[in-house]
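Visitor: Sharing query.cif, mmCIF, C-alpha atoms:
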data_input
loop_
_atom_site.label_atom_id
_atom_site.label_comp_id
_atom_site.auth_asym_id
_atom_site.auth_seq_id
_atom_site.Cartn_x
_atom_site.Cartn_y
_atom_site.Cartn_z
CA MET A 17 24.80 -9.14 5.92
CA ARG A 18 23.06 -7.32 8.76
CA VAL A 19 20.27 -4.95 7.72
CA LEU A 20 18.55 -2.39 9.94
CA MET A 21 15.06 -1.83 8.52
CA ILE A 22 12.95 1.09 9.76
CA SER A 23 9.20 1.43 9.23
CA TRP A 24 6.51 3.55 10.86
CA GLU A 25 3.99 0.73 10.38
CA PHE A 26 4.05 -2.99 11.07
CA PRO A 27 1.11 -5.22 12.06
CA PRO A 28 -0.94 -4.78 14.12
CA HIS A 29 -0.14 -1.07 13.63
CA ILE A 30 -1.34 -0.54 10.04
CA VAL A 31 -2.62 2.66 8.48
CA GLY A 32 -2.19 1.91 4.77
CA GLY A 33 -0.30 -0.47 2.52
CA LEU A 34 3.13 0.30 3.98
CA GLY A 35 2.78 -1.95 7.02
CA ARG A 36 1.45 -4.83 4.96
CA HIS A 37 4.33 -4.49 2.47
CA VAL A 38 6.95 -4.67 5.23
CA ALA A 39 5.21 -7.59 6.94
CA ASP A 40 5.00 -9.59 3.71
CA ILE A 41 8.52 -8.96 2.42
CA ILE A 42 10.47 -9.62 5.62
CA PRO A 43 9.86 -13.41 5.81
CA GLU A 44 10.99 -13.77 2.17
CA LEU A 45 13.90 -11.35 2.58
CA ALA A 46 15.41 -12.62 5.81
CA SER A 47 17.80 -15.57 5.63
CA GLU A 48 21.18 -16.70 6.93
CA SER A 49 22.69 -14.32 4.37
CA TYR A 50 20.43 -11.36 5.22
CA GLN A 51 19.75 -10.86 8.93
CA ILE A 52 16.94 -8.30 9.34
CA GLN A 53 16.30 -6.21 12.45
CA LEU A 54 13.17 -4.06 12.09
CA LEU A 55 12.55 -0.95 14.16
CA THR A 56 8.92 0.17 14.26
CA LEU A 57 6.44 1.87 16.56
CA ARG A 58 4.80 -0.18 19.25
CA GLY A 59 1.25 0.90 18.46
CA ASN A 60 -1.25 -1.50 20.06
CA SER A 61 1.12 -4.47 20.19
CA PRO A 62 1.69 -5.93 23.67
CA LEU A 63 5.19 -7.03 22.63
CA ASN A 64 8.41 -5.07 22.56
CA VAL A 65 10.51 -7.66 20.72
CA GLU A 66 9.34 -10.58 18.59
CA HIS A 67 10.43 -12.87 15.79
CA ALA A 68 9.09 -12.05 12.33
CA SER A 69 10.86 -15.12 10.95
CA ALA A 70 13.85 -17.29 11.79
CA HIS A 71 16.26 -14.56 10.69
CA ALA A 72 14.24 -11.42 11.40
CA MET A 73 13.46 -9.63 14.64
CA VAL A 74 10.93 -6.86 15.22
CA HIS A 75 11.74 -4.22 17.83
CA ARG A 76 8.78 -2.07 18.81
CA VAL A 77 9.47 1.36 20.24
CA TYR A 78 7.06 3.26 22.43
CA ALA A 79 6.61 6.84 21.26
CA PRO A 80 3.91 9.30 22.35
CA GLN A 81 1.19 9.72 19.75
CA SER A 82 -0.74 12.53 21.43
CA ALA A 83 0.04 15.20 18.83
CA PRO A 84 -3.05 16.19 16.82
CA ASP A 85 -1.39 15.77 13.41
CA ILE A 86 1.01 13.35 11.74
CA VAL A 87 3.87 15.87 11.59
CA GLY A 88 3.68 16.33 15.35
CA GLN A 89 3.54 12.57 15.91
CA VAL A 90 6.60 12.09 13.71
CA HIS A 91 8.45 14.80 15.62
CA ASP A 92 7.59 13.15 18.96
CA ALA A 93 8.77 9.74 17.72
CA TYR A 94 12.18 10.93 16.48
CA GLU A 95 14.14 10.79 19.74
CA PRO A 96 12.69 7.51 21.12
CA VAL A 97 13.27 5.68 17.82
CA LEU A 98 16.76 7.13 17.37
CA ASN A 99 17.75 6.12 20.91
CA ALA A 100 16.37 2.62 20.32
CA ALA A 101 18.37 2.40 17.08
CA HIS A 102 21.61 3.31 18.84
CA ALA A 103 20.94 0.71 21.53
CA LEU A 104 20.18 -1.95 18.93
CA TRP A 105 23.28 -1.02 16.93
CA ARG A 106 25.43 -1.65 20.00
CA GLU A 107 23.59 -4.85 20.87
CA VAL A 108 24.06 -6.57 17.50
CA GLY A 109 27.51 -5.16 16.78
CA GLY A 110 26.54 -2.87 13.92
CA PHE A 111 24.80 -3.10 10.54
CA ASP A 112 25.99 -3.21 6.95
CA LEU A 113 23.20 -0.98 5.68
CA ILE A 114 20.03 0.84 6.65
CA HIS A 115 16.73 0.44 4.79
CA VAL A 116 13.92 2.89 5.58
CA HIS A 117 10.35 2.95 4.26
CA ASP A 118 8.79 6.32 3.41
CA TRP A 119 9.28 9.71 5.03
CA LEU A 120 7.93 9.25 8.53
CA LEU A 121 11.14 7.95 10.11
CA ALA A 122 13.44 9.25 7.38
CA ASP A 123 15.18 11.71 9.69
CA VAL A 124 16.08 8.84 12.04
CA ALA A 125 17.54 6.83 9.17
CA ILE A 126 19.48 9.81 7.82
CA ALA A 127 20.92 10.56 11.27
CA LEU A 128 22.05 6.94 11.61
CA LYS A 129 23.60 7.02 8.15
CA HIS A 130 25.83 9.95 9.05
CA HIS A 131 26.59 8.82 12.59
CA TYR A 132 27.70 5.31 11.62
CA ARG A 133 28.67 6.13 8.03
CA ARG A 134 26.74 3.25 6.55
CA PRO A 135 24.79 3.33 3.27
CA LEU A 136 21.08 4.12 3.31
CA ILE A 137 18.46 2.60 1.01
CA ALA A 138 14.98 4.15 0.85
CA THR A 139 11.76 2.63 -0.38
CA ILE A 140 9.36 5.45 -1.26
CA HIS A 141 5.88 3.97 -1.55
CA ALA A 142 4.05 7.23 -2.28
CA HIS A 143 4.76 10.93 -2.10
CA GLU A 144 2.93 14.05 -0.98
CA ARG A 145 2.86 15.76 -4.38
CA GLY A 146 1.05 12.77 -5.79
CA ARG A 147 -1.33 12.43 -2.87
CA ARG A 148 -2.21 16.13 -3.15
CA ARG A 149 -2.23 16.12 -6.95
CA GLY A 150 0.55 18.71 -6.98
CA ASP A 151 -0.94 21.00 -4.36
CA ILE A 152 1.58 21.25 -1.50
CA GLY A 153 0.60 24.74 -0.41
CA ALA A 154 -0.39 23.71 3.12
CA PRO A 155 2.41 23.87 5.73
CA GLU A 156 2.10 20.18 6.57
CA SER A 157 2.36 19.20 2.89
CA ARG A 158 5.39 21.43 2.36
CA TYR A 159 7.08 19.84 5.37
CA ILE A 160 6.40 16.28 4.19
CA ASP A 161 7.53 17.16 0.67
CA SER A 162 10.82 18.55 2.01
CA ILE A 163 11.51 15.36 3.99
CA GLU A 164 10.72 13.20 0.97
CA TRP A 165 13.11 15.23 -1.18
CA LYS A 166 15.78 15.01 1.51
CA LEU A 167 15.35 11.23 1.76
CA SER A 168 15.63 10.77 -1.99
CA TYR A 169 18.83 12.86 -1.91
CA GLU A 170 20.43 11.13 1.08
CA ALA A 171 19.67 7.55 -0.01
CA TRP A 172 22.32 5.57 -1.85
CA ARG A 173 19.55 4.06 -3.92
CA VAL A 174 15.78 4.57 -3.99
CA ILE A 175 13.31 1.71 -4.52
CA VAL A 176 9.88 2.49 -5.97
CA CYS A 177 6.98 0.18 -6.75
CA SER A 178 6.15 1.26 -10.30
CA GLY A 179 7.46 2.95 -13.41
CA TYR A 180 4.96 5.69 -12.66
CA MET A 181 6.63 6.44 -9.32
CA GLN A 182 10.05 6.30 -10.96
CA GLN A 183 9.04 9.02 -13.38
CA ARG A 184 7.37 11.10 -10.67
CA LEU A 185 10.42 11.13 -8.40
CA ALA A 186 12.70 11.89 -11.34
CA GLN A 187 10.44 14.79 -12.29
CA ASP A 188 9.45 16.12 -8.85
CA PHE A 189 12.72 15.64 -6.95
CA SER A 190 15.26 15.53 -9.81
CA VAL A 191 16.36 12.05 -8.74
CA PRO A 192 18.59 10.56 -11.47
CA LEU A 193 16.79 7.70 -13.20
CA ASP A 194 19.80 5.44 -12.68
CA LYS A 195 19.45 5.88 -8.91
CA LEU A 196 15.86 4.58 -8.94
CA ASP A 197 15.07 0.85 -8.86
CA VAL A 198 11.57 -0.32 -9.79
CA ILE A 199 10.43 -3.37 -7.82
CA PRO A 200 6.68 -4.07 -7.91
CA ASN A 201 4.86 -5.05 -4.74
CA GLY A 202 3.94 -8.65 -4.26
CA ILE A 203 0.87 -10.40 -2.91
CA VAL A 204 0.20 -13.52 -0.93
CA VAL A 205 -2.44 -15.53 -2.78
CA PRO A 206 -4.95 -16.37 -0.02
CA ASN A 207 -5.97 -19.93 0.66
CA PHE A 208 -9.61 -18.93 1.03
CA ALA A 209 -12.82 -20.73 0.20
CA PHE A 210 -16.30 -21.00 1.66
CA THR A 211 -17.05 -24.42 3.09
CA SER A 212 -20.33 -24.67 1.20
CA PRO A 213 -22.68 -22.72 -1.08
CA ALA A 214 -24.94 -22.20 1.94
CA GLN A 215 -22.13 -20.55 3.91
CA ARG A 216 -21.37 -18.31 0.95
CA ASN A 217 -25.02 -17.28 0.68
CA ILE A 218 -25.24 -16.51 4.39
CA PHE A 219 -22.09 -14.37 4.18
CA ARG A 220 -23.34 -12.52 1.12
CA SER A 221 -26.72 -11.82 2.66
CA ARG A 222 -24.98 -9.92 5.47
CA TYR A 223 -23.81 -7.35 2.93
CA GLN A 224 -26.35 -7.71 0.12
CA PRO A 225 -29.73 -8.89 1.41
CA ASP A 226 -31.36 -8.40 -2.00
CA ASP A 227 -30.78 -10.08 -5.35
CA GLY A 228 -28.95 -7.09 -6.81
CA PRO A 229 -25.24 -6.74 -7.61
CA LEU A 230 -22.64 -6.21 -4.90
CA VAL A 231 -19.77 -3.81 -5.59
CA PHE A 232 -16.84 -3.94 -3.16
CA ALA A 233 -14.06 -1.44 -2.52
CA VAL A 234 -11.41 -1.20 0.17
CA GLY A 235 -8.84 1.43 1.06
CA ARG A 236 -8.20 4.52 3.13
CA LEU A 237 -11.05 7.01 3.17
CA VAL A 238 -9.14 9.91 1.65
CA HIS A 239 -9.88 12.16 -1.32
CA GLU A 240 -7.21 10.75 -3.63
CA LYS A 241 -8.83 7.30 -3.58
CA GLY A 242 -11.73 8.70 -5.61
CA TRP A 243 -14.54 7.16 -3.55
CA HIS A 244 -16.76 10.16 -4.25
CA VAL A 245 -16.56 9.27 -7.95
CA LEU A 246 -17.64 5.71 -7.20
CA ILE A 247 -20.61 6.90 -5.13
CA ALA A 248 -21.72 9.10 -8.02
CA ALA A 249 -21.39 6.09 -10.34
CA ILE A 250 -23.62 4.06 -8.03
CA GLU A 251 -26.28 6.75 -8.45
CA ARG A 252 -26.16 6.22 -12.24
CA LEU A 253 -26.17 2.44 -11.94
CA ARG A 254 -29.27 2.40 -9.76
CA ALA A 255 -31.44 2.98 -12.84
CA THR A 256 -30.26 -0.36 -14.29
CA PHE A 257 -29.77 -2.18 -10.97
CA PRO A 258 -32.31 -0.83 -8.44
CA SER A 259 -30.95 -3.11 -5.69
CA ILE A 260 -27.24 -2.48 -6.31
CA ARG A 261 -25.16 -2.17 -3.15
CA LEU A 262 -21.70 -0.72 -2.55
CA VAL A 263 -19.67 -1.98 0.40
CA LEU A 264 -16.70 0.27 1.14
CA ALA A 265 -14.20 -0.87 3.79
CA GLY A 266 -11.57 1.37 5.32
CA VAL A 267 -11.01 4.24 7.72
CA GLY A 268 -9.94 7.83 7.24
CA GLY A 269 -10.79 11.48 7.62
CA TYR A 270 -12.94 11.60 4.46
CA ARG A 271 -15.76 9.47 5.86
CA ASP A 272 -18.11 12.32 6.73
CA GLU A 273 -17.60 13.87 3.30
CA LEU A 274 -18.45 10.56 1.63
CA LEU A 275 -21.65 10.35 3.65
CA ARG A 276 -22.48 13.87 2.49
CA VAL A 277 -21.85 12.86 -1.14
CA ALA A 278 -24.04 9.78 -0.72
CA GLN A 279 -26.79 11.94 0.75
CA SER A 280 -26.64 14.43 -2.12
CA CYS A 281 -26.71 11.58 -4.66
CA GLY A 282 -29.65 9.95 -2.91
CA VAL A 283 -27.89 6.62 -2.46
CA VAL A 284 -27.37 6.40 1.30
CA GLU A 285 -29.41 3.20 1.42
CA GLN A 286 -27.25 1.63 -1.30
CA ILE A 287 -23.92 2.24 0.46
CA ALA A 288 -22.35 0.63 3.52
CA LEU A 289 -19.20 2.20 5.01
CA ILE A 290 -18.08 -0.69 7.19
CA GLY A 291 -14.77 0.65 8.54
CA PHE A 292 -11.76 -1.54 9.26
CA ILE A 293 -12.12 -5.23 8.45
CA SER A 294 -9.93 -8.28 8.98
CA ASP A 295 -8.10 -9.95 6.11
CA GLU A 296 -10.49 -12.90 6.37
CA GLU A 297 -13.51 -10.62 6.03
CA ARG A 298 -11.88 -8.78 3.12
CA ASN A 299 -11.18 -12.07 1.34
CA GLY A 300 -14.78 -13.13 1.83
CA LEU A 301 -16.03 -9.89 0.32
CA TYR A 302 -13.76 -10.26 -2.71
CA SER A 303 -15.12 -13.78 -3.14
CA ILE A 304 -18.79 -12.73 -3.19
CA ALA A 305 -18.55 -9.38 -4.97
CA ASP A 306 -19.71 -8.96 -8.55
CA CYS A 307 -17.01 -6.35 -9.04
CA ALA A 308 -14.17 -4.69 -7.11
CA VAL A 309 -13.68 -1.03 -7.97
CA PHE A 310 -10.69 1.23 -7.29
CA PRO A 311 -11.35 4.70 -8.77
CA SER A 312 -8.16 6.38 -7.51
CA LEU A 313 -7.14 9.84 -8.60
CA TYR A 314 -3.58 8.98 -7.49
CA GLU A 315 -2.22 5.49 -6.92
CA PRO A 316 1.51 4.66 -6.74
CA PHE A 317 0.93 0.94 -7.26
CA GLY A 318 -2.48 -0.63 -6.63
CA ILE A 319 -1.99 -3.65 -4.38
CA VAL A 320 -5.73 -3.80 -3.70
CA ALA A 321 -6.40 -4.60 -7.35
CA LEU A 322 -3.96 -7.50 -7.19
CA GLU A 323 -5.60 -8.80 -4.03
CA ALA A 324 -8.95 -8.82 -5.82
CA MET A 325 -7.46 -10.53 -8.87
CA ALA A 326 -5.91 -13.23 -6.66
CA LEU A 327 -9.39 -14.09 -5.37
CA HIS A 328 -11.05 -14.25 -8.79
CA CYS A 329 -12.88 -10.95 -8.31
CA PRO A 330 -13.43 -8.81 -11.44
CA VAL A 331 -11.75 -5.41 -11.25
CA VAL A 332 -12.49 -1.93 -12.58
CA VAL A 333 -9.77 0.63 -11.86
CA SER A 334 -8.68 4.12 -12.78
CA ASP A 335 -6.25 4.47 -15.65
CA THR A 336 -3.68 6.21 -13.51
CA GLY A 337 -0.38 5.70 -11.72
CA GLY A 338 0.61 2.17 -10.85
CA LEU A 339 -2.88 0.79 -11.48
CA ARG A 340 -2.34 0.97 -15.23
CA GLU A 341 0.78 -1.17 -14.78
CA VAL A 342 -1.07 -3.79 -12.71
CA VAL A 343 -4.27 -4.16 -14.77
CA GLN A 344 -4.05 -4.97 -18.48
CA PRO A 345 -6.93 -3.14 -20.18
CA ASN A 346 -9.73 -5.47 -21.35
CA ILE A 347 -7.52 -8.49 -20.59
CA THR A 348 -7.34 -8.63 -16.79
CA GLY A 349 -9.78 -5.83 -16.01
CA PHE A 350 -11.23 -2.50 -17.13
CA LEU A 351 -9.37 0.81 -16.92
CA VAL A 352 -11.31 4.06 -17.01
CA ALA A 353 -10.26 7.70 -16.97
CA PRO A 354 -9.92 9.09 -13.43
CA ASP A 355 -12.75 11.29 -12.20
CA ASP A 356 -15.07 10.13 -15.03
CA VAL A 357 -18.34 9.06 -13.42
CA ALA A 358 -20.02 7.98 -16.67
CA ALA A 359 -17.09 5.84 -17.81
CA LEU A 360 -16.79 4.23 -14.37
CA ALA A 361 -20.49 3.38 -14.27
CA ALA A 362 -20.35 1.94 -17.80
CA ALA A 363 -17.40 -0.32 -16.97
CA ILE A 364 -19.09 -1.62 -13.82
CA GLN A 365 -22.28 -2.29 -15.78
CA ARG A 366 -20.41 -4.23 -18.49
CA THR A 367 -18.63 -6.26 -15.80
CA ILE A 368 -21.92 -7.23 -14.16
CA ILE A 369 -23.93 -7.94 -17.31
CA ASP A 370 -21.45 -9.69 -19.61
CA ARG A 371 -20.49 -12.57 -17.35
CA ALA A 372 -18.82 -14.66 -20.05
CA ALA A 373 -16.33 -11.93 -20.97
CA THR A 374 -15.88 -11.06 -17.30
CA ASN A 375 -14.99 -14.65 -16.44
CA LEU A 376 -12.28 -14.68 -19.12
CA ARG A 377 -10.74 -11.54 -17.62
CA VAL A 378 -10.97 -13.00 -14.13
CA GLU A 379 -9.00 -16.11 -15.10
CA ALA A 380 -6.34 -14.08 -16.91
CA ALA A 381 -6.09 -11.75 -13.92
CA PHE A 382 -5.65 -14.61 -11.45
CA ALA A 383 -2.86 -16.14 -13.54
CA ASP A 384 -1.07 -12.79 -13.75
CA ALA A 385 -1.45 -11.92 -10.08
CA SER A 386 -0.35 -15.30 -8.77
CA THR A 387 2.77 -15.63 -10.94
CA THR A 388 4.10 -12.14 -11.69
CA TYR A 389 3.59 -10.48 -8.32
CA ASN A 390 5.39 -12.93 -6.10
CA TRP A 391 7.02 -11.87 -2.80
CA GLN A 392 9.92 -14.25 -3.36
CA LEU A 393 10.75 -12.45 -6.62
CA VAL A 394 10.38 -9.09 -4.85
CA ALA A 395 12.78 -10.21 -2.12
CA GLU A 396 15.31 -11.52 -4.64
CA ALA A 397 15.29 -8.20 -6.48
CA THR A 398 15.72 -6.36 -3.18
CA THR A 399 18.75 -8.43 -2.14
CA VAL A 400 20.39 -7.69 -5.50
CA ILE A 401 20.20 -4.01 -4.52
CA TYR A 402 21.51 -4.78 -1.03
CA ASP A 403 24.51 -6.61 -2.49
CA ARG A 404 25.20 -3.83 -4.99
CA VAL A 405 25.07 -1.04 -2.41
CA VAL A 406 27.25 -2.83 0.14
CA ALA A 407 29.80 -3.72 -2.54
CA GLU A 408 29.91 -0.11 -3.76
CA TRP A 409 30.30 1.13 -0.20
CA ARG A 410 33.12 -1.31 0.56
CA ASN A 411 34.94 -0.37 -2.63
CA GLY A 412 34.56 3.36 -2.00
CA THR A 413 36.11 5.76 0.48
CA TRP A 414 33.08 7.16 2.33
CA GLY A 415 32.61 5.60 5.77
CA HIS A 416 36.05 4.00 5.99
CA ALA A 417 38.09 6.90 7.36
#
What do you get writing this file as structure tokens?
Guide:
Amino acid sequence: MRVLMISWEFPPHIVGGLGRHVADIIPELASESYQIQLLTLRGNSPLNVEHASAHAMVHRVYAPQSAPDIVGQVHDAYEPVLNAAHALWREVGGFDLIHVHDWLLADVAIALKHHYRRPLIATIHAHERGRRRGDIGAPESRYIDSIEWKLSYEAWRVIVCSGYMQQRLAQDFSVPLDKLDVIPNGIVVPNFAFTSPAQRNIFRSRYQPDDGPLVFAVGRLVHEKGWHVLIAAIERLRATFPSIRLVLAGVGGYRDELLRVAQSCGVVEQIALIGFISDEERNGLYSIADCAVFPSLYEPFGIVALEAMALHCPVVVSDTGGLREVVQPNITGFLVAPDDVAALAAAIQRTIIDRAATNLRVEAAFADASTTYNWQLVAEATTVIYDRVVAEWRNGTWGHA
């Protein structure tokens, strides 16, 4: 089976979790039975074509990214990516199905579906109504929402990462529940360890020079991640832990607002916004942190919580979206109500103080993360959908005239 996969992101071009998801699933998905050709934007990569695995190729397309907003960038990318897809289609002799991730290149995938009359599968990782907590009044949000609805309508089947997202798409876009397949994200359990206690101490001192607790968080700097709630919680925790320090990694347009919040809370000295970090640096921070916190107001899945759990880092997360499906309350971590500063601070404090109970949760979390959320299982579930869709297409009438 030949599959044309389309994704806006692929390493080294990564904005959020989408690019990492595609990069991790392709090596497990591709095989002699499932030949994968991925179309993506070139970004900063020096390569135009490269192997992702023995049975997967990545084709990077140059598209101008000079537009000031994402809608303009998507518009500018449409024609170059569509032309590249047609060229690739001719080169390989056609595809059995098309698999697109999220809305950004959805119009390309939909155009290919109708031109070649091949079935389209969509993975919708997140949606605008969720990101904006229902407020899609801005023109850009209305546009994105319309493309997401169109994609969910045009797709033969829609893959989502959580039961939460299944219910949201059924409610927001009237997608039939039996058209939606829930396949959780997976993680790669890192083979990470410090070479010695001294190396660990040196690394920790870079981020926490004092003896106080270190709280770590990572993700895009956007409102829906709830970082402003975490900063307010740090203000409360300072009374108990005067030397507490929050290290927040990630980039995004909300950075200046977070600095303003930190200033108003009087905790600028306790907070380090360190920007983009490598996977190795992230793994090191998980390994030294007293607690990883993800206070999202909206979260389709919560891969960051799993990454922390896989490195034996205690987690405190919001009881919302996909996070509540990833973290078992009081068993693998703490869940707190979104936007509740007092509850978040209390959960972090319990995590830091009661080390015996925390260690039990950490071990249970590691076992769950390393066995349940396995990319091989994710790939197997995805190929079941591939087989089903291609069989239904072959047994139907659409595309055969």
Visitor: Translate the PyMOL selection byres ((chain A and resi 391) around 12), as applied to the file shown, into an explicit residue set as a VMD selection string.
Guide: chain A and resid 36 to 45 199 to 205 385 to 390 392 to 398
Visitor: Calculate how many Å separate CA of Asn346 (chain A) from CA of Arg366 (chain A), rounding to one decimal.
Guide: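 Computing it gives 11.1 Å between the two atoms.
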Visitor: Identify all residues satisfying the PyMOL selection byres ((chain A and resi 54) around 7) in the given file; provide them as a JSON list (two decimals) with C-alpha atoms, in the coordinates of the input.
Guide:
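Dumped to result_22.json:
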[["chain", "number", "residue", "atom", "x", "y", "z"],
["A", 20, "LEU", "CA", 18.55, -2.39, 9.94],
["A", 21, "MET", "CA", 15.06, -1.83, 8.52],
["A", 22, "ILE", "CA", 12.95, 1.09, 9.76],
["A", 52, "ILE", "CA", 16.94, -8.30, 9.34],
["A", 53, "GLN", "CA", 16.30, -6.21, 12.45],
["A", 55, "LEU", "CA", 12.55, -0.95, 14.16],
["A", 56, "THR", "CA", 8.92, 0.17, 14.26],
["A", 73, "MET", "CA", 13.46, -9.63, 14.64],
["A", 74, "VAL", "CA", 10.93, -6.86, 15.22],
["A", 75, "HIS", "CA", 11.74, -4.22, 17.83]]
Visitor: Give me, as a tab-separated table, each residue of region 101-189 of chain A that comes within 10 Å of region 85-94 of chain A, together with its shortest interatomic pair and the distance in Å at one decimal, counting all atoms listed in the file, with rows ordered by chain and rising residue number.
Guide:
residue	atom	partner	partner_atom	distance
A:Trp119	CA	A:Val90	CA	9.4
A:Leu120	CA	A:Val90	CA	6.1
A:Leu121	CA	A:Tyr94	CA	7.1
A:Ala122	CA	A:Tyr94	CA	9.3
A:Asp123	CA	A:Tyr94	CA	7.5
A:Val124	CA	A:Tyr94	CA	6.3
A:Ala125	CA	A:Tyr94	CA	9.9
A:Glu156	CA	A:Val87	CA	6.8
A:Ser157	CA	A:Val87	CA	9.4
A:Tyr159	CA	A:Val87	CA	8.0
A:Ile160	CA	A:Val87	CA	7.8
Visitor: May I ask which of the residues A:Arg18, A:Arg148, A:Lys129, A:His115 is the closest one to Gly415 (chain A), counting all atoms listed in the file?
Guide: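 When distances to Gly415 (chain A) are compared using all atoms listed in the file, the smallest one comes from A:Lys129.
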Visitor: Looking at all atoms listed in the file, which of A:Asp306, A:Glu297, A:Glu251, A:Asp161 is the one that sits closest to Gly228 (chain A)?
Guide: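 Using all atoms listed in the file, the shortest distance to Gly228 (chain A) belongs to A:Asp306.
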Visitor: Go through the shown structure with the PyMOL selection byres ((chain A and resi 142) around 9) and write out the matching residues as a short mmCIF file (atom, residue, chain, number, x, y, z; two decimals) with C-alpha atoms, in the coordinates of the input.
Guide:
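So the final result, stored in selection_32.cif, reads:
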data_model
loop_
_atom_site.label_atom_id
_atom_site.label_comp_id
_atom_site.auth_asym_id
_atom_site.auth_seq_id
_atom_site.Cartn_x
_atom_site.Cartn_y
_atom_site.Cartn_z
CA ASP A 118 8.79 6.32 3.41
CA ILE A 140 9.36 5.45 -1.26
CA HIS A 141 5.88 3.97 -1.55
CA HIS A 143 4.76 10.93 -2.10
CA GLU A 144 2.93 14.05 -0.98
CA ARG A 145 2.86 15.76 -4.38
CA GLY A 146 1.05 12.77 -5.79
CA ARG A 147 -1.33 12.43 -2.87
CA VAL A 176 9.88 2.49 -5.97
CA CYS A 177 6.98 0.18 -6.75
CA MET A 181 6.63 6.44 -9.32
CA GLU A 315 -2.22 5.49 -6.92
CA PRO A 316 1.51 4.66 -6.74
CA PHE A 317 0.93 0.94 -7.26
#
Visitor: Counting all atoms listed in the file, which residues come within 10 Å of (-17.3, -7.8, -7.7), with the point read in the file's coordinates, and could you list them as a PyMOL selection string?
Guide: chain A and resi 229-233+262+301-309+324+328-332+364+367-368
Visitor: What is the CA of Asp151 (chain A) to CA of Asp356 (chain A) distance in Å?
Guide: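 Separation between CA of Asp151 (chain A) and CA of Asp356 (chain A): 20.8 Å.
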Visitor: Select, from A:Arg254, A:His131, A:Arg298, A:His244, the residue with the minimum atom-to-atom distance to Gln279 (chain A), counting all atoms listed in the file.
Guide: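 The answer is A:His244, which sits nearest to Gln279 (chain A).
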Visitor: Do a neighbour search on Ser334 (chain A) at 9 Å with only C-alpha atoms, toss out local chain neighbours closer than 3 positions, and write the hits as a list in words.
Guide: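 Result of the neighbour search: Val309, Phe310, Pro311, Ser312, Leu313, Tyr314, Glu315, Gly337, Leu339, Arg340, Phe350, Leu351, Val352, Ala353, Pro354, Asp355 and Leu360 of chain A.
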Visitor: Find the distance between CA of Val77 (chain A) and CA of Ile137 (chain A) and write it in Å to one decimal.
Guide: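 About the pair CA of Val77 (chain A) and CA of Ile137 (chain A): they are 21.3 Å apart.
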Visitor: Nearest residue to Arg133 (chain A) out of A:Trp172, A:Ser162, A:Leu253, A:Lys241, using all atoms listed in the file?
Guide: A:Trp172
Visitor: Contacts of Tyr78 (chain A) at 8 Å or less, counting all atoms listed in the file, minus same-chain residues fewer than 6 places along, as a ChimeraX atom specification?
Guide: /A:57-59,96
Visitor: Calculated over all atoms listed in the file, which of the candidates A:Val320, A:Ile114, A:Ile260, A:Ala288 has the smallest distance to Ala101 (chain A)?
Guide: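 Closest to Ala101 (chain A), using all atoms listed in the file: A:Ile114.
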Visitor: Env of Val357 (chain A): 7 Å cut, atoms = all atoms listed in the file, seq-sep filter 2 positions within chain, self excluded. Answer as an MDAnalysis selection string.
Guide: chainID A and resid 245 248:249 355 359:361
Visitor: Can I get the selected residues back with C-alpha atoms, as a PDB file, keeping the file's coordinate frame?
Guide:
ATOM      1  CA  VAL A 245     -16.560   9.270  -7.950  1.00  0.00           C
ATOM      2  CA  ALA A 248     -21.720   9.100  -8.020  1.00  0.00           C
ATOM      3  CA  ALA A 249     -21.390   6.090 -10.340  1.00  0.00           C
ATOM      4  CA  ASP A 355     -12.750  11.290 -12.200  1.00  0.00           C
ATOM      5  CA  ALA A 359     -17.090   5.840 -17.810  1.00  0.00           C
ATOM      6  CA  LEU A 360     -16.790   4.230 -14.370  1.00  0.00           C
ATOM      7  CA  ALA A 361     -20.490   3.380 -14.270  1.00  0.00           C
TER       8      ALA A 361
END
Visitor: I want to know what sits within 12 Å of Glu296 (chain A), based on only C-alpha atoms, with residues of the same chain fewer than 2 positions away left out; could you give that as a list in words?
Guide: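 The neighbour list is Pro206, Asn207, Phe208, Ala209, Phe210, Phe219, Phe292, Ile293, Ser294, Arg298, Asn299, Gly300, Leu301, Tyr302, Ser303 and Leu327 of chain A.
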Visitor: Looking at A:Glu323, A:Asp112, A:Asp295, A:Asp370, which one is nearest to Gln51 (chain A), with distances taken over all atoms listed in the file?
Guide: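 Nearest candidate to Gln51 (chain A) out of A:Glu323, A:Asp112, A:Asp295, A:Asp370: A:Asp112.
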Visitor: Within 10 Å of Ile247 (chain A), counting all atoms listed in the file, which residues show up once you throw out same-chain ones fewer than 5 positions away? Write them as a list of chain:residue names, please.
Guide: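 Close residues of Ile247 (chain A): A:Gly242, A:Arg252, A:Leu253, A:Leu262, A:Leu264, A:Leu274, A:Leu275, A:Val277, A:Ala278, A:Gln279, A:Cys281, A:Gly282, A:Val283, A:Val284, A:Gln286, A:Ile287, A:Val357, A:Ala361.
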